[in-house]
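Everything below belongs to work_37.csv, which stores CSV, N, CA and C atoms.
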```
chain,number,residue,atom,x,y,z
A,26,MET,N,9.4,-47.0,-22.9
A,26,MET,CA,9.0,-45.8,-22.3
A,26,MET,C,8.5,-46.1,-20.9
A,27,VAL,N,9.0,-45.5,-19.9
A,27,VAL,CA,8.5,-45.7,-18.5
A,27,VAL,C,7.7,-44.5,-18.0
A,28,ILE,N,6.5,-44.8,-17.5
A,28,ILE,CA,5.6,-43.7,-17.0
A,28,ILE,C,5.7,-43.9,-15.5
A,29,ASN,N,6.1,-42.8,-14.8
A,29,ASN,CA,6.2,-42.8,-13.4
A,29,ASN,C,4.8,-42.4,-12.8
A,30,SER,N,4.3,-43.2,-12.0
A,30,SER,CA,3.0,-42.9,-11.3
A,30,SER,C,3.2,-42.8,-9.8
A,31,GLY,N,4.4,-42.7,-9.4
A,31,GLY,CA,4.7,-42.6,-7.9
A,31,GLY,C,4.5,-41.2,-7.3
A,32,PRO,N,5.1,-41.0,-6.2
A,32,PRO,CA,4.8,-39.7,-5.4
A,32,PRO,C,5.3,-38.5,-6.2
A,33,GLU,N,6.3,-38.6,-7.1
A,33,GLU,CA,6.8,-37.5,-7.8
A,33,GLU,C,5.7,-36.9,-8.7
A,34,LEU,N,5.0,-37.8,-9.4
A,34,LEU,CA,4.0,-37.4,-10.3
A,34,LEU,C,2.8,-36.8,-9.6
A,35,LYS,N,2.5,-37.3,-8.4
A,35,LYS,CA,1.4,-36.7,-7.6
A,35,LYS,C,1.8,-35.3,-7.2
A,36,SER,N,3.1,-35.2,-6.8
A,36,SER,CA,3.5,-33.9,-6.4
A,36,SER,C,3.5,-32.9,-7.5
A,37,ILE,N,3.9,-33.3,-8.7
A,37,ILE,CA,3.8,-32.4,-9.9
A,37,ILE,C,2.4,-32.0,-10.2
A,38,ARG,N,1.5,-32.9,-10.2
A,38,ARG,CA,0.1,-32.6,-10.4
A,38,ARG,C,-0.5,-31.7,-9.4
A,39,LYS,N,-0.1,-31.9,-8.1
A,39,LYS,CA,-0.6,-31.0,-7.1
A,39,LYS,C,-0.1,-29.6,-7.3
A,40,ASN,N,1.2,-29.5,-7.6
A,40,ASN,CA,1.7,-28.1,-7.9
A,40,ASN,C,1.1,-27.5,-9.1
A,41,GLU,N,0.8,-28.2,-10.1
A,41,GLU,CA,0.1,-27.7,-11.3
A,41,GLU,C,-1.3,-27.2,-11.0
A,42,VAL,N,-2.0,-28.0,-10.2
A,42,VAL,CA,-3.3,-27.6,-9.8
A,42,VAL,C,-3.3,-26.3,-8.9
A,43,LEU,N,-2.4,-26.3,-8.0
A,43,LEU,CA,-2.2,-25.1,-7.1
A,43,LEU,C,-1.9,-23.9,-7.9
A,44,ASN,N,-0.9,-24.0,-8.8
A,44,ASN,CA,-0.5,-22.9,-9.7
A,44,ASN,C,-1.7,-22.4,-10.5
A,45,CYS,N,-2.5,-23.3,-11.1
A,45,CYS,CA,-3.6,-22.9,-11.9
A,45,CYS,C,-4.7,-22.2,-11.0
A,46,LEU,N,-4.9,-22.7,-9.8
A,46,LEU,CA,-5.9,-22.0,-8.9
A,46,LEU,C,-5.4,-20.6,-8.5
A,47,LYS,N,-4.1,-20.5,-8.3
A,47,LYS,CA,-3.6,-19.1,-7.9
A,47,LYS,C,-3.7,-18.2,-9.1
A,48,GLU,N,-3.4,-18.7,-10.3
A,48,GLU,CA,-3.5,-17.8,-11.5
A,48,GLU,C,-5.0,-17.4,-11.7
A,49,ARG,N,-5.9,-18.3,-11.5
A,49,ARG,CA,-7.3,-18.0,-11.7
A,49,ARG,C,-7.8,-17.0,-10.6
A,50,MET,N,-7.3,-17.2,-9.4
A,50,MET,CA,-7.7,-16.3,-8.3
A,50,MET,C,-7.2,-14.9,-8.6
A,51,ILE,N,-6.0,-14.8,-9.1
A,51,ILE,CA,-5.4,-13.5,-9.4
A,51,ILE,C,-6.2,-12.8,-10.5
A,52,GLU,N,-6.6,-13.6,-11.5
A,52,GLU,CA,-7.4,-13.1,-12.6
A,52,GLU,C,-8.7,-12.4,-12.1
A,53,LEU,N,-9.3,-12.9,-11.0
A,53,LEU,CA,-10.6,-12.4,-10.6
A,53,LEU,C,-10.6,-11.3,-9.6
A,54,MET,N,-9.4,-11.0,-9.0
A,54,MET,CA,-9.4,-10.1,-7.9
A,54,MET,C,-9.0,-8.7,-8.3
A,55,ASN,N,-9.5,-7.7,-7.7
A,55,ASN,CA,-9.0,-6.3,-7.9
A,55,ASN,C,-7.8,-6.1,-7.0
A,56,LEU,N,-6.9,-5.3,-7.4
A,56,LEU,CA,-5.7,-5.1,-6.7
A,56,LEU,C,-5.5,-3.6,-6.5
A,57,LEU,N,-5.5,-3.2,-5.2
A,57,LEU,CA,-5.4,-1.8,-4.8
A,57,LEU,C,-3.9,-1.6,-4.5
A,58,VAL,N,-3.2,-0.8,-5.3
A,58,VAL,CA,-1.8,-0.5,-5.0
A,58,VAL,C,-1.7,0.8,-4.3
A,59,ILE,N,-1.2,0.8,-3.1
A,59,ILE,CA,-1.1,1.9,-2.2
A,59,ILE,C,0.3,2.4,-1.9
A,60,ASP,N,0.5,3.7,-1.9
A,60,ASP,CA,1.8,4.2,-1.6
A,60,ASP,C,1.7,5.2,-0.4
A,61,PHE,N,2.4,5.0,0.6
A,61,PHE,CA,2.4,5.9,1.8
A,61,PHE,C,3.7,6.7,1.8
A,62,GLU,N,3.5,8.0,2.1
A,62,GLU,CA,4.7,8.8,2.4
A,62,GLU,C,4.7,9.1,3.9
A,63,PHE,N,5.8,9.0,4.6
A,63,PHE,CA,5.9,9.2,6.0
A,63,PHE,C,6.7,10.5,6.3
A,64,SER,N,6.4,11.0,7.5
A,64,SER,CA,7.3,12.1,8.0
A,64,SER,C,8.6,11.6,8.4
A,65,VAL,N,9.6,12.4,8.3
A,65,VAL,CA,11.0,11.9,8.6
A,65,VAL,C,11.6,13.0,9.5
A,66,PHE,N,12.5,12.6,10.3
A,66,PHE,CA,13.3,13.5,11.1
A,66,PHE,C,14.8,13.1,10.9
A,67,ILE,N,15.5,13.8,10.2
A,67,ILE,CA,17.0,13.5,10.0
A,67,ILE,C,17.7,14.8,10.4
A,68,GLY,N,18.2,14.7,11.6
A,68,GLY,CA,18.9,15.9,12.1
A,68,GLY,C,19.5,15.6,13.4
A,69,TYR,N,20.4,16.4,13.8
A,69,TYR,CA,21.1,16.2,15.1
A,69,TYR,C,20.1,16.5,16.2
A,70,GLY,N,20.1,15.6,17.1
A,70,GLY,CA,19.2,15.8,18.3
A,70,GLY,C,17.7,15.3,18.0
A,71,ARG,N,17.6,14.2,17.4
A,71,ARG,CA,16.2,13.7,17.1
A,71,ARG,C,15.4,13.7,18.4
A,72,PRO,N,14.1,14.2,18.2
A,72,PRO,CA,13.3,14.3,19.4
A,72,PRO,C,13.2,12.9,20.1
A,73,ARG,N,13.1,12.9,21.4
A,73,ARG,CA,13.2,11.7,22.2
A,73,ARG,C,12.2,10.6,21.8
A,74,PHE,N,11.0,11.0,21.5
A,74,PHE,CA,9.9,10.0,21.2
A,74,PHE,C,9.4,10.1,19.8
A,75,PHE,N,10.2,10.7,18.9
A,75,PHE,CA,9.7,10.8,17.5
A,75,PHE,C,9.5,9.5,16.9
A,76,PHE,N,8.4,9.4,16.1
A,76,PHE,CA,8.1,8.3,15.2
A,76,PHE,C,7.5,8.8,13.9
A,77,PRO,N,7.8,8.1,12.8
A,77,PRO,CA,7.2,8.6,11.5
A,77,PRO,C,5.7,8.4,11.5
A,78,GLU,N,5.0,9.4,10.9
A,78,GLU,CA,3.6,9.3,10.7
A,78,GLU,C,3.3,9.4,9.2
A,79,ILE,N,2.2,8.8,8.8
A,79,ILE,CA,1.8,8.9,7.4
A,79,ILE,C,1.4,10.3,7.1
A,80,ILE,N,1.9,10.9,6.0
A,80,ILE,CA,1.6,12.3,5.7
A,80,ILE,C,0.9,12.4,4.3
A,81,GLU,N,1.0,11.3,3.5
A,81,GLU,CA,0.3,11.3,2.2
A,81,GLU,C,0.0,9.9,1.8
A,82,VAL,N,-1.2,9.7,1.2
A,82,VAL,CA,-1.6,8.4,0.7
A,82,VAL,C,-2.0,8.5,-0.7
A,83,GLY,N,-1.4,7.7,-1.6
A,83,GLY,CA,-1.8,7.6,-3.0
A,83,GLY,C,-2.2,6.2,-3.3
A,84,ALA,N,-3.2,6.0,-4.1
A,84,ALA,CA,-3.6,4.6,-4.4
A,84,ALA,C,-4.2,4.6,-5.8
A,85,VAL,N,-4.1,3.4,-6.4
A,85,VAL,CA,-4.8,3.2,-7.7
A,85,VAL,C,-5.3,1.8,-7.7
A,86,LEU,N,-6.5,1.6,-8.2
A,86,LEU,CA,-7.2,0.3,-8.3
A,86,LEU,C,-6.9,-0.3,-9.7
A,87,LEU,N,-6.4,-1.5,-9.7
A,87,LEU,CA,-6.2,-2.2,-10.9
A,87,LEU,C,-7.2,-3.4,-11.0
A,88,LYS,N,-7.9,-3.4,-12.1
A,88,LYS,CA,-8.9,-4.4,-12.2
A,88,LYS,C,-8.4,-5.5,-13.3
A,89,PRO,N,-8.8,-6.7,-13.1
A,89,PRO,CA,-8.4,-7.7,-14.0
A,89,PRO,C,-8.7,-7.3,-15.5
A,90,PRO,N,-7.9,-7.6,-16.4
A,90,PRO,CA,-6.6,-8.2,-16.4
A,90,PRO,C,-5.5,-7.3,-16.1
A,91,TYR,N,-5.7,-6.3,-15.2
A,91,TYR,CA,-4.7,-5.4,-14.8
A,91,TYR,C,-4.3,-4.4,-15.8
A,92,LYS,N,-5.1,-4.1,-16.7
A,92,LYS,CA,-4.9,-3.1,-17.7
A,92,LYS,C,-5.9,-1.9,-17.5
A,93,GLU,N,-6.9,-2.2,-16.8
A,93,GLU,CA,-8.0,-1.2,-16.5
A,93,GLU,C,-7.7,-0.5,-15.1
A,94,LYS,N,-7.5,0.8,-15.1
A,94,LYS,CA,-7.2,1.5,-13.9
A,94,LYS,C,-8.3,2.4,-13.6
A,95,GLU,N,-8.7,2.5,-12.3
A,95,GLU,CA,-9.6,3.5,-11.8
A,95,GLU,C,-8.9,4.8,-11.6
A,96,LEU,N,-9.6,5.9,-11.5
A,96,LEU,CA,-8.9,7.1,-11.2
A,96,LEU,C,-8.0,7.0,-10.0
A,97,PRO,N,-6.8,7.5,-10.0
A,97,PRO,CA,-6.0,7.5,-8.8
A,97,PRO,C,-6.6,8.2,-7.6
A,98,TYR,N,-6.3,7.8,-6.4
A,98,TYR,CA,-6.7,8.4,-5.2
A,98,TYR,C,-5.4,9.1,-4.6
A,99,GLN,N,-5.5,10.3,-4.1
A,99,GLN,CA,-4.4,10.9,-3.5
A,99,GLN,C,-4.9,11.9,-2.5
A,100,THR,N,-4.3,11.9,-1.3
A,100,THR,CA,-4.7,12.9,-0.3
A,100,THR,C,-3.5,13.1,0.7
A,101,PHE,N,-3.4,14.3,1.3
A,101,PHE,CA,-2.5,14.5,2.3
A,101,PHE,C,-3.1,14.2,3.7
A,102,VAL,N,-2.3,13.8,4.6
A,102,VAL,CA,-2.8,13.4,5.9
A,102,VAL,C,-2.1,14.4,6.9
A,103,LYS,N,-3.0,14.9,7.8
A,103,LYS,CA,-2.5,15.8,8.8
A,103,LYS,C,-1.8,14.9,10.0
A,104,PRO,N,-0.6,15.1,10.3
A,104,PRO,CA,0.1,14.4,11.3
A,104,PRO,C,-0.6,14.7,12.7
A,105,ARG,N,-0.8,13.7,13.5
A,105,ARG,CA,-1.5,13.8,14.7
A,105,ARG,C,-0.6,14.2,15.9
A,106,TYR,N,0.6,13.5,15.9
A,106,TYR,CA,1.5,13.7,17.1
A,106,TYR,C,2.6,14.7,16.9
A,107,PHE,N,3.1,14.8,15.6
A,107,PHE,CA,4.2,15.7,15.3
A,107,PHE,C,3.7,16.5,14.1
A,108,PRO,N,2.9,17.6,14.3
A,108,PRO,CA,2.3,18.3,13.2
A,108,PRO,C,3.2,19.1,12.4
A,109,ARG,N,4.4,19.4,12.8
A,109,ARG,CA,5.4,20.2,12.1
A,109,ARG,C,6.3,19.3,11.3
A,110,ILE,N,6.4,19.4,10.0
A,110,ILE,CA,7.3,18.6,9.3
A,110,ILE,C,8.6,19.4,9.1
A,111,THR,N,9.7,18.6,9.1
A,111,THR,CA,11.0,19.2,9.0
A,111,THR,C,11.4,19.5,7.6
A,112,GLN,N,12.4,20.4,7.4
A,112,GLN,CA,12.9,20.7,6.1
A,112,GLN,C,13.5,19.4,5.4
A,113,GLU,N,14.1,18.5,6.2
A,113,GLU,CA,14.6,17.3,5.7
A,113,GLU,C,13.5,16.5,5.1
A,114,CYS,N,12.3,16.5,5.8
A,114,CYS,CA,11.1,15.7,5.3
A,114,CYS,C,10.7,16.3,3.9
A,115,THR,N,10.6,17.6,3.8
A,115,THR,CA,10.2,18.3,2.6
A,115,THR,C,11.3,18.0,1.5
A,116,ASP,N,12.5,18.0,1.8
A,116,ASP,CA,13.6,17.7,0.8
A,116,ASP,C,13.4,16.3,0.3
A,117,ILE,N,13.1,15.4,1.1
A,117,ILE,CA,13.0,14.0,0.7
A,117,ILE,C,11.6,13.7,-0.1
A,118,THR,N,10.5,14.2,0.5
A,118,THR,CA,9.2,13.8,0.0
A,118,THR,C,8.6,14.9,-0.9
A,119,LEU,N,9.2,16.1,-0.9
A,119,LEU,CA,8.6,17.3,-1.7
A,119,LEU,C,7.2,17.7,-1.1
A,120,ILE,N,6.9,17.2,0.1
A,120,ILE,CA,5.6,17.6,0.7
A,120,ILE,C,5.9,18.8,1.6
A,121,LYS,N,5.1,19.8,1.5
A,121,LYS,CA,5.3,21.1,2.3
A,121,LYS,C,4.4,21.1,3.5
A,122,GLN,N,4.8,22.0,4.4
A,122,GLN,CA,3.9,22.2,5.6
A,122,GLN,C,2.5,22.5,5.3
A,123,LYS,N,2.3,23.4,4.3
A,123,LYS,CA,0.9,23.8,3.9
A,123,LYS,C,0.1,22.6,3.4
A,124,ASP,N,0.8,21.6,2.8
A,124,ASP,CA,0.1,20.4,2.3
A,124,ASP,C,-0.5,19.6,3.4
A,125,VAL,N,0.3,19.4,4.5
A,125,VAL,CA,-0.2,18.6,5.6
A,125,VAL,C,-1.1,19.4,6.5
A,126,ASP,N,-0.9,20.7,6.5
A,126,ASP,CA,-1.9,21.6,7.3
A,126,ASP,C,-3.3,21.5,6.7
A,127,GLY,N,-3.4,21.3,5.4
A,127,GLY,CA,-4.7,21.1,4.7
A,127,GLY,C,-5.1,19.7,4.6
A,128,GLY,N,-4.4,18.8,5.2
A,128,GLY,CA,-4.7,17.4,5.1
A,128,GLY,C,-5.8,17.0,6.0
A,129,VAL,N,-6.2,15.7,5.9
A,129,VAL,CA,-7.3,15.1,6.7
A,129,VAL,C,-6.7,14.1,7.7
A,130,ASP,N,-7.5,13.7,8.7
A,130,ASP,CA,-7.1,12.7,9.6
A,130,ASP,C,-7.0,11.4,9.0
A,131,LEU,N,-6.0,10.6,9.4
A,131,LEU,CA,-5.8,9.3,8.8
A,131,LEU,C,-7.0,8.4,8.9
A,132,ALA,N,-7.8,8.5,9.9
A,132,ALA,CA,-9.1,7.7,10.0
A,132,ALA,C,-10.0,8.0,8.9
A,133,VAL,N,-10.1,9.3,8.5
A,133,VAL,CA,-10.9,9.7,7.4
A,133,VAL,C,-10.4,9.1,6.1
A,134,VAL,N,-9.1,9.0,5.9
A,134,VAL,CA,-8.5,8.4,4.7
A,134,VAL,C,-8.9,7.0,4.6
A,135,ILE,N,-8.7,6.3,5.7
A,135,ILE,CA,-9.0,4.8,5.7
A,135,ILE,C,-10.4,4.6,5.4
A,136,ASP,N,-11.3,5.3,6.0
A,136,ASP,CA,-12.8,5.2,5.8
A,136,ASP,C,-13.1,5.5,4.3
A,137,SER,N,-12.5,6.5,3.7
A,137,SER,CA,-12.7,6.8,2.3
A,137,SER,C,-12.2,5.7,1.4
A,138,LEU,N,-11.1,5.1,1.7
A,138,LEU,CA,-10.6,3.9,0.9
A,138,LEU,C,-11.5,2.7,1.1
A,139,LEU,N,-12.0,2.5,2.3
A,139,LEU,CA,-12.9,1.3,2.5
A,139,LEU,C,-14.2,1.5,1.7
A,140,GLN,N,-14.7,2.7,1.6
A,140,GLN,CA,-16.0,3.0,0.9
A,140,GLN,C,-15.8,2.9,-0.6
A,141,ARG,N,-14.6,3.1,-1.1
A,141,ARG,CA,-14.4,3.1,-2.6
A,141,ARG,C,-14.2,1.7,-3.1
A,142,TYR,N,-13.7,0.8,-2.3
A,142,TYR,CA,-13.3,-0.5,-2.7
A,142,TYR,C,-14.0,-1.6,-2.0
A,143,ASP,N,-14.4,-2.7,-2.7
A,143,ASP,CA,-15.2,-3.7,-2.1
A,143,ASP,C,-14.3,-4.8,-1.5
A,144,ASN,N,-15.0,-5.8,-0.9
A,144,ASN,CA,-14.2,-6.9,-0.3
A,144,ASN,C,-13.6,-7.9,-1.3
A,145,GLN,N,-13.7,-7.6,-2.5
A,145,GLN,CA,-13.0,-8.4,-3.5
A,145,GLN,C,-11.7,-7.7,-4.0
A,146,THR,N,-11.3,-6.8,-3.2
A,146,THR,CA,-10.1,-6.0,-3.5
A,146,THR,C,-9.0,-6.4,-2.5
A,147,TYR,N,-7.8,-6.7,-3.0
A,147,TYR,CA,-6.6,-7.0,-2.2
A,147,TYR,C,-5.7,-5.8,-2.3
A,148,PHE,N,-4.9,-5.5,-1.3
A,148,PHE,CA,-4.1,-4.3,-1.4
A,148,PHE,C,-2.6,-4.8,-1.4
A,149,ALA,N,-1.8,-4.0,-2.1
A,149,ALA,CA,-0.4,-4.2,-2.2
A,149,ALA,C,0.3,-2.9,-1.9
A,150,SER,N,1.4,-3.0,-1.2
A,150,SER,CA,2.3,-1.8,-1.0
A,150,SER,C,3.7,-2.3,-0.8
A,151,TRP,N,4.6,-1.3,-0.7
A,151,TRP,CA,6.0,-1.7,-0.5
A,151,TRP,C,6.7,-0.6,0.3
A,152,GLY,N,7.9,-0.9,0.8
A,152,GLY,CA,8.6,0.1,1.5
A,152,GLY,C,9.3,-0.5,2.7
A,153,THR,N,10.0,0.3,3.4
A,153,THR,CA,10.7,-0.1,4.6
A,153,THR,C,10.2,0.6,5.9
A,154,ALA,N,9.3,1.5,5.7
A,154,ALA,CA,8.9,2.3,6.9
A,154,ALA,C,7.8,1.5,7.6
```
Translate this file's structure into structure tokens.
Amino acid sequence: MVINSGPELKSIRKNEVLNCLKERMIELMNLLVIDFEFSVFIGYGRPRFFFPEIIEVGAVLLKPPYKEKELPYQTFVKPRYFPRITQECTDITLIKQKDVDGGVDLAVVIDSLLQRYDNQTYFASWGTA
């Protein structure tokens, strides 16, 4: 039986240690999963300077071992630059004009999220917008 003690073994040990550290770190951190809904404009003659804005924020905090969930957070955001949402936007997101009219400023949403979650919280999101 030959025991290899060369660079390959050192590399394997290093990877094992790194993987173990990553797993332990993940076990200790809170994970805030956030979903953003954006305004959309799908129509002929898109406005010259249109850009998507966040119109809804949803979040849930997962605590280790990721089976414990805090109450979900959800709020509508009032668009700052393009306050009218299109029918196409409502068709895609199911968010109505009255929802965003009653929404809050995005800065208020961010401040609210920062107050709810501590610095041991990492956030995760997904999407293409």
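Pairwise distance (atom C of A:Leu57, atom CA of A:Phe75) equals 28.7 Å.
Atom pair atom N of A:Ile80 / atom C of A:Asp60: separated by 8.6 Å.
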Minimum-distance residue to A:Phe148, chosen among A:Arg73, A:Lys88, A:Lys123, A:Arg105 (using only C-alpha atoms): A:Lys88
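A straight line drawn from atom N of A:Arg109 to atom C of A:Gly83 is 21.8 Å long.
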